[in-house]
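Enquirer: Pasting data_39.cif here (mmCIF, C-alpha atoms and all ligand atoms):
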```cif
data_coords
loop_
_atom_site.label_atom_id
_atom_site.label_comp_id
_atom_site.auth_asym_id
_atom_site.auth_seq_id
_atom_site.Cartn_x
_atom_site.Cartn_y
_atom_site.Cartn_z
CA MET Y 145 19.95 -1.65 15.08
CA THR Y 146 22.58 -4.37 14.56
CA GLU Y 147 25.42 -4.13 12.03
CA LYS Y 148 23.75 -6.87 10.04
CA LEU Y 149 20.50 -4.92 9.73
CA ILE Y 150 22.37 -1.77 8.78
CA ASP Y 151 24.13 -3.69 6.00
CA ILE Y 152 20.85 -5.15 4.73
CA ARG Y 153 19.28 -1.70 4.83
CA LYS Y 154 22.14 -0.30 2.73
CA ASN Y 155 21.77 -3.10 0.22
CA LEU Y 156 18.00 -2.61 -0.08
CA SER Y 157 18.38 1.15 -0.49
CA LYS Y 158 20.18 0.36 -3.75
CA LYS Y 159 17.99 -2.52 -4.90
CA LEU Y 160 14.51 -1.12 -4.28
CA LYS Y 161 12.86 1.85 -5.95
CA LYS Y 162 12.79 5.00 -3.85
CA GLU Y 163 9.13 4.77 -2.82
CA ARG Y 164 9.40 1.04 -2.13
CA PHE Y 165 12.39 1.67 0.09
CA GLU Y 166 10.58 4.43 2.03
CA HIS Y 167 7.61 2.08 2.46
CA THR Y 168 10.02 -0.57 3.74
CA ILE Y 169 11.46 1.77 6.37
CA GLY Y 170 7.92 2.78 7.36
CA VAL Y 171 6.95 -0.87 7.82
CA MET Y 172 10.14 -1.58 9.75
CA TYR Y 173 9.53 1.09 12.40
CA THR Y 174 5.78 0.53 12.54
CA ALA Y 175 6.47 -3.17 13.19
CA ALA Y 176 8.95 -2.22 15.93
CA SER Y 177 6.34 0.03 17.60
CA LEU Y 178 3.77 -2.76 17.51
CA ALA Y 179 6.35 -5.14 18.96
CA MET Y 180 6.85 -2.72 21.88
CA CYS Y 181 3.10 -2.62 22.42
CA TYR Y 182 2.50 -6.38 22.21
CA GLY Y 183 5.64 -7.65 23.90
CA GLU Y 184 7.19 -9.11 20.75
CA ASP Y 185 10.92 -9.13 20.05
CA ILE Y 186 11.81 -5.71 18.61
CA GLU Y 187 14.83 -6.93 16.64
CA LYS Y 188 12.74 -9.62 14.95
CA ALA Y 189 10.08 -7.06 14.07
CA LEU Y 190 12.69 -4.70 12.59
CA THR Y 191 14.20 -7.56 10.56
CA ALA Y 192 10.84 -8.78 9.25
CA GLY Y 193 9.81 -5.23 8.35
CA LEU Y 194 13.07 -4.44 6.62
CA LEU Y 195 13.00 -7.57 4.47
CA HIS Y 196 9.27 -8.02 3.88
CA ASP Y 197 9.30 -6.63 0.31
CA CYS Y 198 12.86 -7.62 -0.66
CA GLY Y 199 11.28 -9.91 -3.30
CA LYS Y 200 10.03 -6.79 -5.08
CA PHE Y 201 13.47 -5.76 -6.31
CA CYS Y 202 12.50 -6.87 -9.83
CA PRO Y 203 9.32 -6.98 -11.98
CA ALA Y 204 6.73 -9.78 -11.55
CA LYS Y 205 7.86 -11.68 -14.64
CA GLU Y 206 11.39 -11.82 -13.31
CA GLN Y 207 10.05 -12.84 -9.89
CA ILE Y 208 8.29 -15.82 -11.50
CA ARG Y 209 11.46 -16.77 -13.33
CA LEU Y 210 13.44 -16.64 -10.10
CA CYS Y 211 10.84 -18.80 -8.35
CA GLU Y 212 11.33 -21.42 -11.07
CA LYS Y 213 15.08 -21.14 -10.73
CA TYR Y 214 14.99 -21.58 -6.94
CA ALA Y 215 12.27 -24.29 -7.09
CA ILE Y 216 9.80 -22.20 -5.09
CA SER Y 217 6.37 -23.70 -5.76
CA LEU Y 218 3.63 -21.24 -6.62
CA SER Y 219 -0.09 -21.91 -6.34
CA GLU Y 220 -2.57 -21.36 -9.17
CA SER Y 221 -3.80 -18.20 -7.55
CA GLU Y 222 -0.27 -16.87 -7.04
CA LEU Y 223 0.44 -17.33 -10.75
CA ALA Y 224 -2.86 -15.60 -11.53
CA MET Y 225 -2.03 -12.77 -9.09
CA PRO Y 226 1.65 -11.92 -9.51
CA ALA Y 227 1.35 -9.29 -6.76
CA LEU Y 228 1.49 -12.18 -4.27
CA ILE Y 229 4.68 -13.80 -5.52
CA HIS Y 230 7.14 -11.44 -3.87
CA ALA Y 231 6.20 -12.78 -0.44
CA LYS Y 232 7.45 -16.33 -1.06
CA LEU Y 233 10.38 -15.13 -3.12
CA GLY Y 234 11.18 -12.60 -0.39
CA ALA Y 235 11.24 -15.28 2.30
CA TYR Y 236 13.59 -17.34 0.13
CA LEU Y 237 15.92 -14.38 -0.44
CA ALA Y 238 15.78 -13.40 3.24
CA GLU Y 239 16.97 -16.88 4.15
CA ASN Y 240 19.49 -17.56 1.42
CA LYS Y 241 20.78 -14.15 0.39
CA TYR Y 242 20.40 -12.14 3.59
CA LYS Y 243 21.12 -15.14 5.84
CA ILE Y 244 18.14 -14.84 8.15
CA LYS Y 245 17.66 -18.22 9.79
CA ASP Y 246 14.82 -17.42 12.19
CA ARG Y 247 11.78 -19.41 11.03
CA GLU Y 248 9.33 -16.97 12.64
CA ILE Y 249 10.75 -14.06 10.65
CA LEU Y 250 10.72 -16.07 7.42
CA ASP Y 251 7.12 -17.15 8.02
CA ALA Y 252 6.08 -13.56 8.72
CA ILE Y 253 7.55 -12.55 5.34
CA THR Y 254 5.88 -15.50 3.59
CA TRP Y 255 2.42 -14.57 4.90
CA HIS Y 256 2.63 -10.78 4.93
CA THR Y 257 0.47 -10.25 1.84
CA THR Y 258 -2.48 -12.56 2.51
CA GLY Y 259 -2.20 -13.20 6.23
CA ARG Y 260 -3.42 -16.61 7.39
CA PRO Y 261 -5.59 -18.02 10.15
CA ALA Y 262 -4.03 -18.33 13.61
CA MET Y 263 -1.02 -16.11 12.91
CA THR Y 264 1.83 -15.76 15.39
CA MET Y 265 2.17 -12.31 16.97
CA LEU Y 266 5.11 -11.52 14.69
CA GLU Y 267 3.05 -12.50 11.62
CA LYS Y 268 0.18 -10.30 12.78
CA ILE Y 269 2.53 -7.40 13.41
CA LEU Y 270 4.12 -7.55 9.96
CA TYR Y 271 0.79 -8.03 8.19
CA ILE Y 272 -0.79 -4.99 9.79
CA ALA Y 273 2.37 -2.82 9.78
CA ASP Y 274 2.45 -3.25 6.01
CA TYR Y 275 -1.12 -1.99 5.86
CA ILE Y 276 -0.89 1.02 8.18
CA GLU Y 277 2.69 2.35 7.84
CA PRO Y 278 2.79 6.16 7.66
CA ASN Y 279 3.63 6.45 3.95
CA ARG Y 280 0.46 4.57 2.91
CA LYS Y 281 -1.96 6.86 1.19
CA ILE Y 282 -5.21 7.28 3.07
CA ILE Y 283 -7.94 4.92 1.90
CA PRO Y 284 -11.38 4.57 3.49
CA GLY Y 285 -11.13 2.69 6.76
CA LEU Y 286 -7.39 3.20 7.22
CA GLU Y 287 -7.71 5.78 9.97
CA GLU Y 288 -10.08 3.55 11.91
CA ILE Y 289 -7.60 0.67 11.66
CA ARG Y 290 -4.70 2.90 12.75
CA GLY Y 291 -6.84 4.06 15.65
CA ILE Y 292 -7.50 0.60 17.07
CA VAL Y 293 -4.41 -1.43 16.16
CA PHE Y 294 -2.58 -0.66 19.41
CA GLN Y 295 -5.62 -1.80 21.43
CA ASP Y 296 -6.96 -4.68 19.36
CA ILE Y 297 -4.64 -6.08 16.71
CA ASP Y 298 -7.01 -8.94 15.80
CA ARG Y 299 -9.80 -6.57 14.97
CA ALA Y 300 -7.40 -4.39 12.96
CA ILE Y 301 -6.44 -7.50 10.96
CA TYR Y 302 -10.06 -8.41 10.39
CA LEU Y 303 -10.92 -4.90 9.16
CA SER Y 304 -7.92 -4.73 6.83
CA ALA Y 305 -8.52 -8.22 5.39
CA LYS Y 306 -12.19 -7.36 4.86
CA ARG Y 307 -11.19 -4.13 3.16
CA THR Y 308 -8.71 -5.95 0.90
CA VAL Y 309 -11.31 -8.53 -0.14
CA ARG Y 310 -13.83 -5.81 -0.92
CA TYR Y 311 -11.30 -3.69 -2.81
CA LEU Y 312 -10.26 -6.61 -5.01
CA GLU Y 313 -13.85 -7.71 -5.64
CA ASP Y 314 -14.95 -4.17 -6.50
CA GLY Y 315 -12.06 -3.92 -8.95
CA GLY Y 316 -13.15 -7.18 -10.58
CA LYS Y 317 -9.89 -8.83 -9.47
CA SER Y 318 -9.56 -12.31 -8.08
CA VAL Y 319 -9.00 -12.74 -4.36
CA ASP Y 320 -6.51 -15.23 -2.98
CA PRO Y 321 -8.35 -17.90 -0.94
CA MET Y 322 -5.91 -17.31 1.93
CA THR Y 323 -6.96 -13.66 2.19
CA VAL Y 324 -10.57 -14.84 2.52
CA SER Y 325 -9.55 -17.38 5.19
CA THR Y 326 -7.72 -14.66 7.13
CA CYS Y 327 -10.80 -12.45 7.00
CA GLU Y 328 -13.12 -15.25 8.17
CA TYR Y 329 -10.82 -16.42 10.93
CA TYR Y 330 -10.36 -12.98 12.47
CA LYS Y 331 -14.04 -12.22 12.12
CA LYS Y 332 -14.73 -15.14 14.47
CA GLU Y 333 -12.24 -13.62 16.86
CA GLU Y 334 -14.25 -10.39 17.06
FE FE U 1 4.53 -6.86 0.16
FE FE U 2 4.92 -3.92 1.72
#
```
Translate this structure into structure tokens?
Expert:
Amino acid sequence: MTEKLIDIRKNLSKKLKKERFEHTIGVMYTAASLAMCYGEDIEKALTAGLLHDCGKFCPAKEQIRLCEKYAISLSESELAMPALIHAKLGAYLAENKYKIKDREILDAITWHTTGRPAMTMLEKILYIADYIEPNRKIIPGLEEIRGIVFQDIDRAIYLSAKRTVRYLEDGGKSVDPMTVSTCEYYKKEE
């Protein structure tokens, strides 16, 4: 790991809650393993994993306030579902506070919560690493996804997006249209 990543890791260990930080490290190394499997740049995967939830250093209300301050535009559905906001805020902080200039890494952070159709390999890796990292508590379907992700990442994405849509619907929560698009796109790729 580079000096820069070690410094960012130290900073995040102070800024994030203990469980959030452990999740972050889990995502970082899971993303690196997937990068090894799929021929993606390992350093980029580590960086994206390490910073993916950096926007979660403060509560949702504060995240919204910071988005206003930094002129980050939020969609209707993001304002209705504050759990999504940390992705855009995180990409902004990754670029401007942690000085990550690589567009691919910043895009992967931006889309890690909802996914999107036609993702780059790095985007796919971060999206699914967030879902399967070892600290995640077991939910129905997770073991199946973990079992196939190193053979068929597109199918793993489809199954996790489908699961997310169902989970939100069952809980009577609204679903971001982009999550639905991700699910539909990767279903076609089956
Ligand atoms: Fe996240
Ligand atoms: Fe996460």
Enquirer: Residues within 8 Å of Pro226 in chain Y, please, as a PyMOL selection string. Count all atoms listed in the file; anything in the same chain fewer than 4 positions from it doesn't count.
Expert: chain Y and resi 204+208+222+230
Enquirer: Could you put an axis-aligned box around every listed atom of range 192-204 of chain Y, padded by 5 Å on each side, and send me its centre and edge lengths in Å to one decimal, as AutoDock Vina command-line options?
Expert:
```
--center_x 10.1 --center_y -7.2 --center_z -1.4 --size_x 16.7 --size_y 15.5 --size_z 31.2
```
Enquirer: From the list Y:Lys245, Y:Lys213, Y:Lys154, Y:Lys306, which residue is nearest Glu328 in chain Y when using all atoms listed in the file?
Expert: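 Counting all atoms listed in the file, the residue closest to Glu328 in chain Y is Y:Lys306.
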Enquirer: Taking only C-alpha atoms and all ligand atoms into account, report as a ChimeraX atom specification which residues have an atom no farther than 9 Å from an atom of ligand FE 2 (chain U).
Expert: /Y:164,167-168,171,193,196-197,200,256-257,271,273-275
Enquirer: For ligand FE 1 (chain U), which of Y:Gly183, Y:Gly315, Y:Gly199, Y:Pro284 is the closest residue, counting all atoms listed in the file?
Expert: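 Closest residue, counting all atoms listed in the file: Y:Gly199.
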Enquirer: Using all atoms listed in the file, which of Y:Ser304, Y:Asn155, Y:Thr326, Y:Thr191 sits nearest Met172 in chain Y?
Expert: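 Checking each candidate against Met172 in chain Y, we get Y:Thr191 as the closest.
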Enquirer: Please, which residues are within 10 Å of (15.0, -23.1, -4.8) by the file's coordinates, counting all atoms listed in the file, and could they come as a PyMOL selection string?
Expert: chain Y and resi 210-217+233+236-237+240
Enquirer: Please indicate the distance in Å from CA of Met180 in chain Y to CA of Lys161 in chain Y, rounded to one decimal place.
Expert: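 These atoms are spaced 28.8 Å apart.
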Enquirer: In Å, rounded to a single decimal, give me how far CA of Trp255 in chain Y is from CA of Thr146 in chain Y.
Expert: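 Calculated distance between CA of Thr146 in chain Y and CA of Trp255 in chain Y is 24.6 Å.
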Enquirer: CA of Ala235 in chain Y to CA of Arg247 in chain Y: how many Å, to one decimal?
Expert: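 We find that CA of Ala235 in chain Y and CA of Arg247 in chain Y lie 9.7 Å from each other.
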Enquirer: Determine the nearest neighbour of ligand FE 1 (chain U) from the options Y:Tyr173, Y:Tyr182, Y:Tyr330, Y:Phe201, counting all atoms listed in the file.
Expert: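 Distance minimum relative to ligand FE 1 (chain U) lands on Y:Phe201.
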Enquirer: Can you take the partial range 221-232 of chain Y, add all heavy atoms, and return it as a PDB file, keeping the file's coordinate frame?
Expert:
```
ATOM      1  N   SER Y 221      -3.342 -19.574  -7.776  1.00  0.00           N
ATOM      2  CA  SER Y 221      -3.800 -18.200  -7.550  1.00  0.00           C
ATOM      3  C   SER Y 221      -2.601 -17.242  -7.464  1.00  0.00           C
ATOM      4  O   SER Y 221      -2.725 -16.075  -7.816  1.00  0.00           O
ATOM      5  CB  SER Y 221      -4.698 -18.122  -6.320  1.00  0.00           C
ATOM      6  OG  SER Y 221      -3.969 -17.890  -5.165  1.00  0.00           O
ATOM      7  N   GLU Y 222      -1.454 -17.744  -7.044  1.00  0.00           N
ATOM      8  CA  GLU Y 222      -0.270 -16.870  -7.040  1.00  0.00           C
ATOM      9  C   GLU Y 222       0.171 -16.555  -8.479  1.00  0.00           C
ATOM     10  O   GLU Y 222       0.562 -15.429  -8.786  1.00  0.00           O
ATOM     11  CB  GLU Y 222       0.876 -17.521  -6.264  1.00  0.00           C
ATOM     12  CG  GLU Y 222       0.673 -17.392  -4.763  1.00  0.00           C
ATOM     13  CD  GLU Y 222       1.578 -18.285  -3.946  1.00  0.00           C
ATOM     14  OE1 GLU Y 222       1.910 -19.398  -4.396  1.00  0.00           O
ATOM     15  OE2 GLU Y 222       1.931 -17.874  -2.840  1.00  0.00           O
ATOM     16  N   LEU Y 223       0.079 -17.576  -9.347  1.00  0.00           N
ATOM     17  CA  LEU Y 223       0.440 -17.330 -10.750  1.00  0.00           C
ATOM     18  C   LEU Y 223      -0.561 -16.386 -11.415  1.00  0.00           C
ATOM     19  O   LEU Y 223      -0.201 -15.586 -12.279  1.00  0.00           O
ATOM     20  CB  LEU Y 223       0.524 -18.653 -11.508  1.00  0.00           C
ATOM     21  CG  LEU Y 223       1.776 -19.486 -11.180  1.00  0.00           C
ATOM     22  CD1 LEU Y 223       1.643 -20.907 -11.698  1.00  0.00           C
ATOM     23  CD2 LEU Y 223       3.032 -18.826 -11.749  1.00  0.00           C
ATOM     24  N   ALA Y 224      -1.832 -16.476 -10.974  1.00  0.00           N
ATOM     25  CA  ALA Y 224      -2.860 -15.600 -11.530  1.00  0.00           C
ATOM     26  C   ALA Y 224      -2.742 -14.189 -10.958  1.00  0.00           C
ATOM     27  O   ALA Y 224      -3.201 -13.219 -11.561  1.00  0.00           O
ATOM     28  CB  ALA Y 224      -4.243 -16.183 -11.252  1.00  0.00           C
ATOM     29  N   MET Y 225      -2.163 -14.084  -9.752  1.00  0.00           N
ATOM     30  CA  MET Y 225      -2.030 -12.770  -9.090  1.00  0.00           C
ATOM     31  C   MET Y 225      -0.568 -12.519  -8.745  1.00  0.00           C
ATOM     32  O   MET Y 225      -0.145 -12.718  -7.608  1.00  0.00           O
ATOM     33  CB  MET Y 225      -2.864 -12.747  -7.812  1.00  0.00           C
ATOM     34  CG  MET Y 225      -4.335 -12.590  -8.064  1.00  0.00           C
ATOM     35  SD  MET Y 225      -5.241 -12.772  -6.516  1.00  0.00           S
ATOM     36  CE  MET Y 225      -5.395 -14.538  -6.429  1.00  0.00           C
ATOM     37  N   PRO Y 226       0.199 -12.070  -9.715  1.00  0.00           N
ATOM     38  CA  PRO Y 226       1.650 -11.920  -9.510  1.00  0.00           C
ATOM     39  C   PRO Y 226       2.009 -11.004  -8.331  1.00  0.00           C
ATOM     40  O   PRO Y 226       3.120 -11.093  -7.820  1.00  0.00           O
ATOM     41  CB  PRO Y 226       2.131 -11.316 -10.830  1.00  0.00           C
ATOM     42  CG  PRO Y 226       1.047 -11.582 -11.811  1.00  0.00           C
ATOM     43  CD  PRO Y 226      -0.234 -11.658 -11.051  1.00  0.00           C
ATOM     44  N   ALA Y 227       1.056 -10.177  -7.892  1.00  0.00           N
ATOM     45  CA  ALA Y 227       1.350  -9.290  -6.760  1.00  0.00           C
ATOM     46  C   ALA Y 227       1.644 -10.079  -5.481  1.00  0.00           C
ATOM     47  O   ALA Y 227       2.183  -9.526  -4.517  1.00  0.00           O
ATOM     48  CB  ALA Y 227       0.190  -8.333  -6.524  1.00  0.00           C
ATOM     49  N   LEU Y 228       1.269 -11.359  -5.472  1.00  0.00           N
ATOM     50  CA  LEU Y 228       1.490 -12.180  -4.270  1.00  0.00           C
ATOM     51  C   LEU Y 228       2.867 -12.829  -4.229  1.00  0.00           C
ATOM     52  O   LEU Y 228       3.342 -13.227  -3.168  1.00  0.00           O
ATOM     53  CB  LEU Y 228       0.431 -13.295  -4.200  1.00  0.00           C
ATOM     54  CG  LEU Y 228      -1.037 -12.881  -4.150  1.00  0.00           C
ATOM     55  CD1 LEU Y 228      -1.923 -14.122  -4.201  1.00  0.00           C
ATOM     56  CD2 LEU Y 228      -1.319 -12.088  -2.880  1.00  0.00           C
ATOM     57  N   ILE Y 229       3.483 -12.959  -5.405  1.00  0.00           N
ATOM     58  CA  ILE Y 229       4.680 -13.800  -5.520  1.00  0.00           C
ATOM     59  C   ILE Y 229       5.855 -13.299  -4.694  1.00  0.00           C
ATOM     60  O   ILE Y 229       6.632 -14.079  -4.146  1.00  0.00           O
ATOM     61  CB  ILE Y 229       5.072 -13.929  -7.020  1.00  0.00           C
ATOM     62  CG1 ILE Y 229       3.993 -14.748  -7.735  1.00  0.00           C
ATOM     63  CG2 ILE Y 229       6.431 -14.576  -7.181  1.00  0.00           C
ATOM     64  CD1 ILE Y 229       4.097 -14.686  -9.232  1.00  0.00           C
ATOM     65  N   HIS Y 230       5.972 -11.981  -4.569  1.00  0.00           N
ATOM     66  CA  HIS Y 230       7.140 -11.440  -3.870  1.00  0.00           C
ATOM     67  C   HIS Y 230       7.250 -11.902  -2.428  1.00  0.00           C
ATOM     68  O   HIS Y 230       8.333 -11.846  -1.845  1.00  0.00           O
ATOM     69  CB  HIS Y 230       7.115  -9.902  -3.931  1.00  0.00           C
ATOM     70  CG  HIS Y 230       6.115  -9.290  -3.011  1.00  0.00           C
ATOM     71  ND1 HIS Y 230       4.772  -9.223  -3.284  1.00  0.00           N
ATOM     72  CD2 HIS Y 230       6.268  -8.735  -1.784  1.00  0.00           C
ATOM     73  CE1 HIS Y 230       4.150  -8.645  -2.278  1.00  0.00           C
ATOM     74  NE2 HIS Y 230       5.025  -8.335  -1.357  1.00  0.00           N
ATOM     75  N   ALA Y 231       6.148 -12.352  -1.845  1.00  0.00           N
ATOM     76  CA  ALA Y 231       6.200 -12.780  -0.440  1.00  0.00           C
ATOM     77  C   ALA Y 231       7.017 -14.067  -0.301  1.00  0.00           C
ATOM     78  O   ALA Y 231       7.937 -14.142   0.526  1.00  0.00           O
ATOM     79  CB  ALA Y 231       4.778 -12.960   0.089  1.00  0.00           C
ATOM     80  N   LYS Y 232       6.694 -15.061  -1.116  1.00  0.00           N
ATOM     81  CA  LYS Y 232       7.450 -16.330  -1.060  1.00  0.00           C
ATOM     82  C   LYS Y 232       8.881 -16.137  -1.530  1.00  0.00           C
ATOM     83  O   LYS Y 232       9.818 -16.658  -0.925  1.00  0.00           O
ATOM     84  CB  LYS Y 232       6.769 -17.379  -1.940  1.00  0.00           C
ATOM     85  CG  LYS Y 232       5.679 -18.146  -1.228  1.00  0.00           C
ATOM     86  CD  LYS Y 232       5.253 -19.362  -2.057  1.00  0.00           C
ATOM     87  CE  LYS Y 232       4.024 -20.009  -1.457  1.00  0.00           C
ATOM     88  NZ  LYS Y 232       3.452 -21.032  -2.372  1.00  0.00           N
TER      89      LYS Y 232
END
```
